[in-house]
>>> print(open('my_file-v7.cif').read())   # mmCIF, C-alpha atoms
data_upload
loop_
_atom_site.label_atom_id
_atom_site.label_comp_id
_atom_site.auth_asym_id
_atom_site.auth_seq_id
_atom_site.Cartn_x
_atom_site.Cartn_y
_atom_site.Cartn_z
CA MET Q 717 91.21 -93.97 41.62
CA ASP Q 718 92.09 -90.30 41.13
CA LEU Q 719 89.63 -89.23 43.82
CA VAL Q 720 87.24 -90.88 46.26
CA ILE Q 721 84.55 -88.94 48.09
CA ARG Q 722 83.57 -90.78 51.27
CA ASN Q 723 80.46 -90.73 53.44
CA ALA Q 724 78.21 -88.66 51.17
CA SER Q 725 74.48 -88.12 51.37
CA LEU Q 726 72.84 -88.14 47.93
CA PRO Q 727 69.78 -86.26 46.64
CA ASP Q 728 67.79 -89.50 46.34
CA GLY Q 729 68.11 -90.05 50.10
CA ARG Q 730 70.93 -92.58 50.19
CA ARG Q 731 73.41 -92.06 53.05
CA SER Q 732 77.00 -93.06 53.77
CA ILE Q 733 77.80 -93.41 50.08
CA ASP Q 734 81.25 -93.34 48.47
CA ILE Q 735 81.91 -91.96 44.99
CA ALA Q 736 85.02 -93.10 43.12
CA ILE Q 737 86.34 -90.91 40.29
CA GLU Q 738 88.81 -91.81 37.55
CA GLY Q 739 89.72 -89.84 34.43
CA GLY Q 740 87.18 -87.11 35.08
CA ARG Q 741 84.24 -89.53 35.28
CA ILE Q 742 82.47 -91.40 38.05
CA ALA Q 743 83.76 -94.98 38.19
CA ALA Q 744 81.70 -96.38 41.06
CA VAL Q 745 79.03 -95.36 43.56
CA GLY Q 746 78.14 -97.31 46.68
CA PRO Q 747 78.62 -97.78 50.41
CA ALA Q 748 82.16 -98.44 51.68
CA LEU Q 749 83.75 -98.85 48.24
CA PRO Q 750 86.86 -101.09 48.49
CA VAL Q 751 89.07 -98.70 46.51
CA GLN Q 752 91.71 -96.13 47.32
CA GLY Q 753 92.06 -92.68 45.84
CA ALA Q 754 95.15 -90.62 45.17
CA GLN Q 755 93.02 -87.99 46.93
CA GLU Q 756 90.23 -88.74 49.38
CA ILE Q 757 87.62 -86.29 50.65
CA ASP Q 758 85.36 -86.96 53.62
CA ALA Q 759 81.95 -85.44 52.90
CA ALA Q 760 81.11 -86.11 56.57
CA GLY Q 761 77.48 -86.84 55.75
CA ASP Q 762 76.98 -83.68 53.73
CA LEU Q 763 74.91 -83.61 50.55
CA VAL Q 764 76.78 -84.41 47.33
CA THR Q 765 74.83 -83.47 44.23
CA PRO Q 766 75.34 -82.89 40.54
CA PRO Q 767 75.85 -79.18 39.81
CA PHE Q 768 73.16 -76.57 39.51
CA VAL Q 769 71.75 -75.85 36.05
CA ASP Q 770 70.15 -72.55 35.03
CA ALA Q 771 67.68 -73.25 32.21
CA HIS Q 772 66.84 -69.59 31.50
CA PHE Q 773 69.20 -66.62 31.65
CA HIS Q 774 70.17 -63.45 29.74
CA MET Q 775 73.95 -63.27 29.88
CA ASP Q 776 74.22 -60.51 27.28
CA ALA Q 777 72.52 -58.14 29.74
CA THR Q 778 73.92 -59.39 33.04
CA LEU Q 779 75.80 -57.02 35.38
CA SER Q 780 74.77 -54.02 33.27
CA TYR Q 781 72.74 -52.53 36.13
CA GLY Q 782 72.64 -48.73 35.89
CA LEU Q 783 73.56 -48.60 32.19
CA PRO Q 784 72.57 -46.24 30.68
CA ARG Q 785 70.33 -45.51 33.68
CA VAL Q 786 68.53 -47.32 36.47
CA ASN Q 787 65.08 -48.84 35.90
CA ALA Q 788 63.24 -46.37 38.12
CA SER Q 789 59.90 -48.20 38.05
CA GLY Q 790 61.32 -51.71 38.19
CA THR Q 791 58.83 -52.81 35.53
CA LEU Q 792 59.19 -55.20 32.61
CA LEU Q 793 58.29 -52.58 30.00
CA GLU Q 794 60.79 -50.04 31.31
CA GLY Q 795 63.41 -52.79 31.35
CA ILE Q 796 62.73 -53.57 27.69
CA ALA Q 797 62.94 -49.85 26.86
CA LEU Q 798 66.20 -49.56 28.80
CA TRP Q 799 67.69 -52.49 26.92
CA GLY Q 800 66.77 -50.75 23.67
CA GLU Q 801 68.65 -47.65 24.87
CA LEU Q 802 71.67 -49.67 25.92
CA LYS Q 803 72.05 -51.81 22.78
CA PRO Q 804 73.59 -49.05 20.59
CA GLN Q 805 76.19 -48.42 23.32
CA LEU Q 806 77.27 -52.04 23.71
CA THR Q 807 80.81 -53.09 22.89
CA GLN Q 808 81.98 -56.63 22.44
CA ASP Q 809 84.78 -56.27 24.99
CA ALA Q 810 82.39 -55.01 27.68
CA LEU Q 811 79.91 -57.80 26.96
CA VAL Q 812 82.63 -60.42 27.25
CA GLU Q 813 84.04 -58.92 30.44
CA ARG Q 814 80.67 -58.82 32.21
CA ALA Q 815 79.73 -62.33 31.07
CA LEU Q 816 83.05 -63.79 32.23
CA GLN Q 817 82.65 -62.12 35.61
CA TYR Q 818 79.20 -63.65 35.93
CA CYS Q 819 80.57 -67.08 34.98
CA ASP Q 820 83.09 -66.71 37.83
CA TRP Q 821 80.18 -66.07 40.18
CA ALA Q 822 78.32 -69.05 38.72
CA VAL Q 823 81.19 -71.48 39.31
CA ALA Q 824 81.55 -70.26 42.90
CA ARG Q 825 77.83 -70.99 43.36
CA GLY Q 826 78.14 -74.49 41.90
CA LEU Q 827 76.29 -73.44 38.73
CA LEU Q 828 78.10 -75.27 35.92
CA ALA Q 829 75.54 -75.20 33.09
CA ILE Q 830 73.56 -72.21 31.79
CA ARG Q 831 71.13 -71.75 28.90
CA SER Q 832 71.38 -68.08 27.96
CA HIS Q 833 69.17 -66.21 25.54
CA VAL Q 834 71.07 -63.72 23.38
CA ASP Q 835 69.32 -60.85 21.58
CA ILE Q 836 69.65 -61.10 17.78
CA CYS Q 837 67.64 -57.99 16.84
CA ASP Q 838 70.80 -55.85 16.62
CA PRO Q 839 71.98 -56.45 13.02
CA ARG Q 840 75.61 -56.19 14.18
CA LEU Q 841 75.09 -59.37 16.26
CA LEU Q 842 77.66 -58.04 18.72
CA ALA Q 843 76.11 -59.93 21.61
CA VAL Q 844 76.12 -63.16 19.62
CA GLU Q 845 79.80 -62.81 18.78
CA ALA Q 846 80.60 -61.91 22.39
CA LEU Q 847 78.78 -64.86 23.95
CA LEU Q 848 80.16 -67.32 21.42
CA ASP Q 849 83.61 -66.09 22.51
CA VAL Q 850 82.60 -66.51 26.16
CA LYS Q 851 81.26 -70.00 25.45
CA ARG Q 852 84.67 -71.02 24.07
CA GLN Q 853 86.55 -69.48 27.00
CA VAL Q 854 84.44 -71.07 29.75
CA ALA Q 855 84.07 -74.49 28.11
CA PRO Q 856 86.67 -76.13 30.40
CA TYR Q 857 84.58 -75.36 33.47
CA LEU Q 858 81.03 -74.37 32.44
CA ASP Q 859 78.55 -75.53 29.79
CA LEU Q 860 77.01 -72.50 28.08
CA GLN Q 861 74.10 -73.13 25.70
CA LEU Q 862 72.90 -70.16 23.64
CA VAL Q 863 69.40 -69.35 22.38
CA ALA Q 864 68.87 -66.99 19.41
CA PHE Q 865 66.35 -64.64 20.99
CA PRO Q 866 64.46 -61.99 18.95
CA GLN Q 867 63.85 -59.61 21.88
CA ASP Q 868 61.84 -57.14 19.72
CA GLY Q 869 59.80 -59.82 17.91
CA ILE Q 870 60.76 -61.99 14.95
CA LEU Q 871 58.07 -60.36 12.77
CA ARG Q 872 57.85 -57.00 14.53
CA SER Q 873 61.57 -56.21 14.24
CA PRO Q 874 62.78 -55.65 10.64
CA GLY Q 875 65.38 -58.21 9.60
CA ALA Q 876 65.08 -60.22 12.81
CA PHE Q 877 64.45 -63.57 11.10
CA ASP Q 878 67.50 -63.12 8.87
CA ASN Q 879 69.53 -62.16 11.94
CA LEU Q 880 68.33 -65.28 13.73
CA LYS Q 881 69.37 -67.47 10.81
CA ARG Q 882 72.80 -65.79 10.79
CA ALA Q 883 73.18 -66.38 14.53
CA ILE Q 884 72.36 -70.09 14.14
CA ALA Q 885 74.89 -70.32 11.31
CA MET Q 886 77.50 -68.73 13.60
CA GLY Q 887 77.03 -71.48 16.19
CA VAL Q 888 74.10 -70.51 18.42
CA ASP Q 889 72.43 -73.69 19.66
CA VAL Q 890 68.69 -73.12 20.14
CA VAL Q 891 65.88 -71.24 18.35
CA GLY Q 892 64.08 -68.68 20.51
CA GLY Q 893 61.00 -66.51 20.14
CA ILE Q 894 58.69 -64.06 21.90
CA PRO Q 895 55.22 -64.44 20.34
CA HIS Q 896 53.37 -62.32 22.92
CA PHE Q 897 55.51 -59.31 21.95
CA GLU Q 898 54.45 -59.38 18.31
CA ARG Q 899 51.96 -56.71 17.22
CA THR Q 900 48.91 -59.01 17.15
CA MET Q 901 47.88 -62.38 18.50
CA ALA Q 902 47.81 -63.62 14.90
CA ASP Q 903 51.39 -62.46 14.32
CA GLY Q 904 52.40 -64.18 17.53
CA ALA Q 905 50.88 -67.46 16.36
CA GLU Q 906 52.54 -67.07 12.96
CA SER Q 907 55.92 -66.45 14.61
CA VAL Q 908 55.59 -69.72 16.52
CA ARG Q 909 54.86 -71.61 13.31
CA LEU Q 910 57.77 -70.06 11.41
CA LEU Q 911 60.30 -70.60 14.16
CA CYS Q 912 59.23 -74.18 14.93
CA GLU Q 913 59.40 -75.15 11.26
CA PHE Q 914 62.83 -73.53 10.94
CA ALA Q 915 64.08 -75.43 14.00
CA CYS Q 916 62.56 -78.69 12.79
CA GLU Q 917 64.25 -78.42 9.40
CA ARG Q 918 67.64 -78.01 11.08
CA GLY Q 919 67.16 -80.49 13.93
CA LEU Q 920 67.43 -77.78 16.58
CA MET Q 921 65.78 -77.31 19.96
CA VAL Q 922 63.27 -74.51 20.60
CA ASP Q 923 62.94 -72.36 23.72
CA MET Q 924 60.39 -69.52 23.48
CA HIS Q 925 59.53 -66.75 25.89
CA CYS Q 926 55.84 -67.56 25.89
CA ASP Q 927 52.98 -65.56 27.39
CA GLU Q 928 55.07 -63.49 29.80
CA SER Q 929 51.90 -61.54 30.49
CA ASP Q 930 49.03 -61.15 32.92
CA ASP Q 931 46.58 -61.46 30.02
CA PRO Q 932 44.67 -64.77 30.30
CA LEU Q 933 44.00 -64.60 26.55
CA SER Q 934 47.73 -64.78 25.76
CA ARG Q 935 47.72 -68.46 24.82
CA HIS Q 936 50.74 -68.96 22.59
CA ILE Q 937 51.80 -71.96 24.66
CA GLU Q 938 48.84 -73.78 23.11
CA THR Q 939 50.17 -72.94 19.63
CA LEU Q 940 53.67 -73.99 20.66
CA ALA Q 941 52.36 -77.34 21.88
CA PHE Q 942 50.38 -77.81 18.66
CA HIS Q 943 53.38 -77.25 16.38
CA SER Q 944 55.66 -79.33 18.61
CA GLN Q 945 53.32 -82.29 18.17
CA ARG Q 946 52.57 -81.58 14.49
CA LEU Q 947 56.27 -81.51 13.62
CA GLY Q 948 57.28 -84.45 15.82
CA MET Q 949 59.51 -82.31 18.02
CA GLN Q 950 58.56 -83.90 21.34
CA GLY Q 951 61.33 -83.46 23.91
CA ARG Q 952 63.01 -80.62 21.98
CA VAL Q 953 60.65 -77.73 22.77
CA THR Q 954 60.40 -75.53 25.86
CA GLY Q 955 58.03 -72.74 26.85
CA SER Q 956 59.56 -70.23 29.24
CA HIS Q 957 57.75 -67.99 31.74
CA LEU Q 958 54.14 -69.01 30.86
CA THR Q 959 52.92 -66.43 33.38
CA SER Q 960 49.58 -65.82 31.68
CA MET Q 961 48.61 -69.25 33.00
CA HIS Q 962 48.28 -67.78 36.50
CA SER Q 963 45.37 -65.69 35.16
CA MET Q 964 43.62 -68.32 33.05
CA ASP Q 965 40.40 -69.96 34.18
CA ASN Q 966 40.71 -73.47 35.52
CA TYR Q 967 38.56 -75.06 32.83
CA TYR Q 968 40.84 -73.88 30.04
CA VAL Q 969 43.94 -74.95 31.96
CA SER Q 970 42.43 -78.40 32.47
CA LYS Q 971 42.46 -78.72 28.67
CA LEU Q 972 45.82 -77.01 28.16
CA LEU Q 973 47.99 -79.08 30.50
CA PRO Q 974 47.32 -82.44 28.79
CA LEU Q 975 48.07 -80.80 25.42
CA ILE Q 976 51.45 -79.61 26.71
CA ARG Q 977 52.25 -83.04 28.13
CA GLU Q 978 51.22 -84.91 24.99
CA ALA Q 979 53.34 -82.55 22.88
CA GLY Q 980 56.41 -83.27 25.01
CA VAL Q 981 56.89 -79.58 25.78
CA ALA Q 982 58.86 -78.63 28.90
CA ALA Q 983 58.25 -75.52 31.02
CA ILE Q 984 60.61 -73.09 32.68
CA ALA Q 985 59.43 -70.73 35.40
CA ASN Q 986 61.56 -67.86 36.67
CA PRO Q 987 60.38 -67.31 40.24
CA LEU Q 988 62.49 -64.29 41.20
CA ILE Q 989 61.61 -62.33 38.08
CA ASN Q 990 58.04 -63.55 37.55
CA ILE Q 991 57.01 -62.61 41.09
CA THR Q 992 58.71 -59.23 40.66
CA LEU Q 993 57.58 -58.09 37.21
CA GLN Q 994 54.09 -59.56 36.83
CA ALA Q 995 50.78 -58.23 38.17
CA ARG Q 996 52.06 -54.64 38.30
CA HIS Q 997 48.61 -53.34 37.28
CA ASP Q 998 46.93 -55.13 40.19
CA THR Q 999 46.06 -53.34 43.40
CA TYR Q 1000 44.52 -55.98 45.70
CA PRO Q 1001 44.08 -58.84 45.44
CA LYS Q 1002 47.43 -59.05 43.65
CA ARG Q 1003 48.27 -62.10 41.54
CA ARG Q 1004 51.49 -63.92 42.30
CA GLY Q 1005 52.82 -63.77 38.76
CA MET Q 1006 54.32 -67.27 38.49
CA THR Q 1007 52.96 -70.05 36.33
CA ARG Q 1008 51.18 -73.12 37.70
CA VAL Q 1009 54.19 -75.18 38.70
CA PRO Q 1010 52.53 -77.80 40.98
CA GLU Q 1011 49.73 -78.39 38.46
CA MET Q 1012 52.18 -78.88 35.59
CA LEU Q 1013 54.28 -81.30 37.63
CA ALA Q 1014 51.16 -83.25 38.55
CA ALA Q 1015 50.29 -83.42 34.84
CA GLY Q 1016 53.67 -84.96 34.02
CA ILE Q 1017 55.22 -81.84 32.45
CA PRO Q 1018 58.93 -81.31 33.17
CA VAL Q 1019 59.33 -77.98 35.01
CA ALA Q 1020 62.64 -76.22 35.67
CA PHE Q 1021 63.43 -72.92 37.39
CA GLY Q 1022 65.61 -70.24 35.83
CA HIS Q 1023 67.36 -67.21 37.29
CA ASP Q 1024 66.52 -65.10 34.20
CA CYS Q 1025 68.26 -61.87 35.29
CA VAL Q 1026 71.09 -60.70 37.55
CA MET Q 1027 71.77 -56.98 37.94
CA ASP Q 1028 70.46 -55.92 34.55
CA PRO Q 1029 67.75 -53.55 33.20
CA TRP Q 1030 65.00 -55.80 34.56
CA TYR Q 1031 66.33 -56.84 37.97
CA SER Q 1032 68.80 -55.07 40.24
CA LEU Q 1033 69.44 -58.04 42.54
CA GLY Q 1034 70.81 -61.58 42.26
CA SER Q 1035 74.18 -63.29 42.51
CA GLY Q 1036 73.92 -66.50 40.49
CA ASP Q 1037 72.55 -68.58 43.37
CA MET Q 1038 70.12 -71.20 42.04
CA LEU Q 1039 69.18 -72.18 45.60
CA GLU Q 1040 67.81 -68.64 46.01
CA VAL Q 1041 65.78 -69.18 42.85
CA ALA Q 1042 64.40 -72.51 44.08
CA HIS Q 1043 63.76 -71.04 47.54
CA MET Q 1044 61.55 -68.33 46.01
CA GLY Q 1045 59.82 -70.88 43.77
CA LEU Q 1046 59.04 -73.07 46.76
CA HIS Q 1047 57.33 -70.20 48.58
CA VAL Q 1048 55.46 -68.64 45.68
CA ALA Q 1049 54.09 -72.00 44.51
CA GLN Q 1050 53.30 -73.07 48.10
CA MET Q 1051 55.34 -76.23 47.52
CA THR Q 1052 56.08 -76.90 51.18
CA GLY Q 1053 55.39 -80.62 51.33
CA GLN Q 1054 58.51 -82.77 51.67
CA GLN Q 1055 58.31 -84.22 48.15
CA ALA Q 1056 57.31 -80.84 46.72
CA MET Q 1057 60.37 -79.18 48.26
CA HIS Q 1058 62.54 -81.93 46.82
CA GLU Q 1059 60.96 -81.25 43.41
CA CYS Q 1060 62.05 -77.61 43.75
CA PHE Q 1061 65.63 -78.81 44.25
CA LEU Q 1062 65.32 -81.01 41.16
CA ALA Q 1063 64.02 -77.94 39.26
CA VAL Q 1064 67.51 -76.41 39.49
CA THR Q 1065 69.48 -79.65 38.97
CA GLU Q 1066 68.22 -82.81 37.24
CA THR Q 1067 65.19 -81.42 35.40
CA PRO Q 1068 66.97 -78.53 33.63
CA ALA Q 1069 69.84 -80.88 32.82
CA ARG Q 1070 67.35 -83.06 30.92
CA ILE Q 1071 65.77 -80.06 29.22
CA LEU Q 1072 69.16 -78.84 28.02
CA GLY Q 1073 70.15 -82.35 26.95
CA LEU Q 1074 73.33 -82.32 29.03
CA ASP Q 1075 75.54 -85.34 28.39
CA GLY Q 1076 76.89 -87.31 31.33
CA TYR Q 1077 74.98 -85.46 34.04
CA GLY Q 1078 74.26 -87.25 37.31
CA ILE Q 1079 75.76 -89.42 40.02
CA ALA Q 1080 76.20 -92.83 38.44
CA PRO Q 1081 79.07 -94.77 36.86
CA GLY Q 1082 80.02 -93.17 33.56
CA CYS Q 1083 78.72 -89.71 34.39
CA HIS Q 1084 81.03 -86.71 34.36
CA ALA Q 1085 82.54 -86.07 37.79
CA ASP Q 1086 80.86 -82.67 38.04
CA LEU Q 1087 79.81 -82.56 41.69
CA LEU Q 1088 79.05 -80.26 44.60
CA ILE Q 1089 79.55 -80.87 48.29
CA LEU Q 1090 77.02 -78.67 50.08
CA ASP Q 1091 77.01 -77.64 53.72
CA CYS Q 1092 73.78 -79.52 54.47
CA GLY Q 1093 72.45 -83.03 54.81
CA SER Q 1094 69.52 -83.12 52.38
CA THR Q 1095 67.91 -81.35 49.46
CA VAL Q 1096 65.33 -79.71 51.75
CA GLU Q 1097 68.04 -78.47 54.09
CA ALA Q 1098 69.95 -77.14 51.08
CA LEU Q 1099 66.94 -74.98 50.21
CA ARG Q 1100 66.35 -73.85 53.79
CA LEU Q 1101 69.95 -72.73 54.32
CA ARG Q 1102 70.84 -71.80 50.73
CA ALA Q 1103 73.73 -74.03 51.71
CA ALA Q 1104 77.36 -73.03 51.26
CA ARG Q 1105 79.17 -74.81 48.43
CA ARG Q 1106 81.98 -76.48 50.35
CA LEU Q 1107 83.54 -77.85 47.17
CA VAL Q 1108 82.72 -77.52 43.48
CA LEU Q 1109 84.23 -80.18 41.20
CA ARG Q 1110 84.45 -80.08 37.40
CA ARG Q 1111 85.56 -83.33 35.79
CA GLY Q 1112 86.89 -84.48 39.15
CA LYS Q 1113 88.98 -81.35 39.80
CA ILE Q 1114 88.21 -78.79 42.50
CA VAL Q 1115 87.36 -75.45 40.89
CA SER Q 1116 85.92 -73.62 43.92
CA GLU Q 1117 85.95 -73.89 47.70
CA SER Q 1118 83.87 -72.13 50.36
CA PRO Q 1119 83.92 -72.36 54.16
CA ARG Q 1120 81.07 -73.85 56.08
CA ALA Q 1121 78.45 -71.39 57.30
CA GLY Q 1122 78.43 -70.50 60.99
CA ALA Q 1123 78.80 -67.84 63.63
CA ARG Q 1124 80.77 -67.47 66.85
CA LEU Q 1125 78.69 -66.55 69.89
CA GLN Q 1126 79.54 -64.83 73.14
CA LEU Q 1127 76.55 -65.78 75.25
CA PRO Q 1128 76.72 -66.95 78.88
CA GLY Q 1129 76.04 -70.62 79.27
CA ARG Q 1130 75.43 -71.19 75.56
CA PRO Q 1131 77.53 -72.93 72.86
CA GLU Q 1132 80.44 -71.01 71.37
CA THR Q 1133 79.31 -71.58 67.78
CA VAL Q 1134 76.18 -72.19 65.70
CA ASN Q 1135 75.90 -73.60 62.17
CA PHE Q 1136 72.09 -73.29 61.72
CA ARG Q 1137 71.69 -77.04 61.21
CA LEU Q 1138 69.23 -78.88 63.43
CA ALA Q 1139 71.03 -81.23 65.79
CA ARG Q 1140 69.46 -84.69 65.98
#
>>> encode(input="my_file-v7.cif", output="structure tokens")
Amino acid sequence: MDLVIRNASLPDGRRSIDIAIEGGRIAAVGPALPVQGAQEIDAAGDLVTPPFVDAHFHMDATLSYGLPRVNASGTLLEGIALWGELKPQLTQDALVERALQYCDWAVARGLLAIRSHVDICDPRLLAVEALLDVKRQVAPYLDLQLVAFPQDGILRSPGAFDNLKRAIAMGVDVVGGIPHFERTMADGAESVRLLCEFACERGLMVDMHCDESDDPLSRHIETLAFHSQRLGMQGRVTGSHLTSMHSMDNYYVSKLLPLIREAGVAAIANPLINITLQARHDTYPKRRGMTRVPEMLAAGIPVAFGHDCVMDPWYSLGSGDMLEVAHMGLHVAQMTGQQAMHECFLAVTETPARILGLDGYGIAPGCHADLLILDCGSTVEALRLRAARRLVLRRGKIVSESPRAGARLQLPGRPETVNFRLAR
């Protein structure tokens, strides 16, 4: 074997497991494998997991914080206005440079697959050209999937639909939309129909910003589910954000969730950004702003978490850490049961990998040897500690290393070091 990882703990709870790797793929998984590796790594009981996956991001805006000015209010609408001010100043070189820097951060965080929305309302399609270039450059170490995103509305923005078609022809992977930003509810519903039919004709996936609003009457997810089922697109359609659902009455939601499940539509929540940007008009009580994650999971709807923004017009924080995203999701959704916390870990690993349709993802013979060794012993401990990524492997090769977390103490009669892990 090229590499054997010994004594690993796996996300499904198995312990003392070996993973044999040959030719960039996993050859065998099991306890005490009777094989030798040209290189052997002792995981020492630490968690070995497939890499993190970000199902919702905006790489064309990332690391642009402060350009052309800071979002003084921190609101969604000022962020959209800021992006409109910045777009005419964008250059392809600057877009590529910022995106590549973020991809460096991502790899260091064990984030090896990203679905990024790219704004197509600029007729120059500079951002599309830039991110297609980035996609080619990072392909050896990171899977970048692009969504043609009409930030200003496919019907509201002149020429946006033609721009979207051009972007798809250039190599963008997924059809996006933003129905709640159209001028009327009727236009929003019509945009969903047009975009779903376009995607269906070309055999493409759909991922729409849907109902990123506090308005309980913003119900475009229902329309998205209807067209997904009508067109036979089950498993290829995703609704992102869905924040209006936190304001809907329970009776309507009891009808809506089965419709989403039957239509095979997946959901993506963005805990850091949803909790920050929503409910800004509330005084108290103040709504949490995130969609109904536990209820959707209970209904059988796949739910992933996305980072959405890092240091851009909408959000001045972030560093590409999907464990931070899941950690916020866990708290906001009150998912503190043991299985619920594990589901939050899956929401940044296995579930988004399925939504994106990633080939060869997982820890099983035949899967790509894309793996992380985390400084923790379980998925719950990974969330608690936002565990250090001891090793990040891409196709069986180490692409990033980090030291274990810890501190040196100078306390009388106490241990010299702590690592924040509970001794058993």
>>> closest_residue(input="my_file-v7.cif", among="Q:His896, Q:His1043, Q:Arg1003, Q:Arg814", to="Arg872 of chain Q", atoms="only C-alpha atoms")
Q:His896
>>> resolve_selection(input="my_file-v7.cif", expression="the PyMOL selection byres ((chain Q and resi 750-764) around 6)", output="PyMOL selection string")
chain Q and resi 717-726+749+765+1088-1090+1092-1094
>>> residues_around(input="my_file-v7.cif", residues="Phe768 of chain Q", least_positions_apart="3", cutoff="6 Å", atoms="only C-alpha atoms", output="VMD selection string")
chain Q and resid 826 to 827 1064 to 1065
>>> write_last_selection(input="my_file-v7.cif", atoms="C-alpha atoms", output="compact mmCIF listing (two decimals), keeping the file's coordinate frame")
# COMPACT_ATOMS: atom_id res chain seq x y z
CA GLY Q 826 78.14 -74.49 41.90
CA LEU Q 827 76.29 -73.44 38.73
CA VAL Q 1064 67.51 -76.41 39.49
CA THR Q 1065 69.48 -79.65 38.97
>>> resolve_selection(input="my_file-v7.cif", expression="the PyMOL selection byres ((chain Q and resi 898) around 8)", output="list in words")
Asp868, Gly869, Ile870, Leu871, Arg872, Ile894, Pro895, His896, Phe897, Arg899, Thr900, Met901, Asp903 and Gly904 of chain Q
>>> residues_around(input="my_file-v7.cif", residues="His943 of chain Q", least_positions_apart="2", cutoff="8 Å", atoms="only C-alpha atoms", output="ChimeraX atom specification")
/Q:908-909,912,939-941,945-947
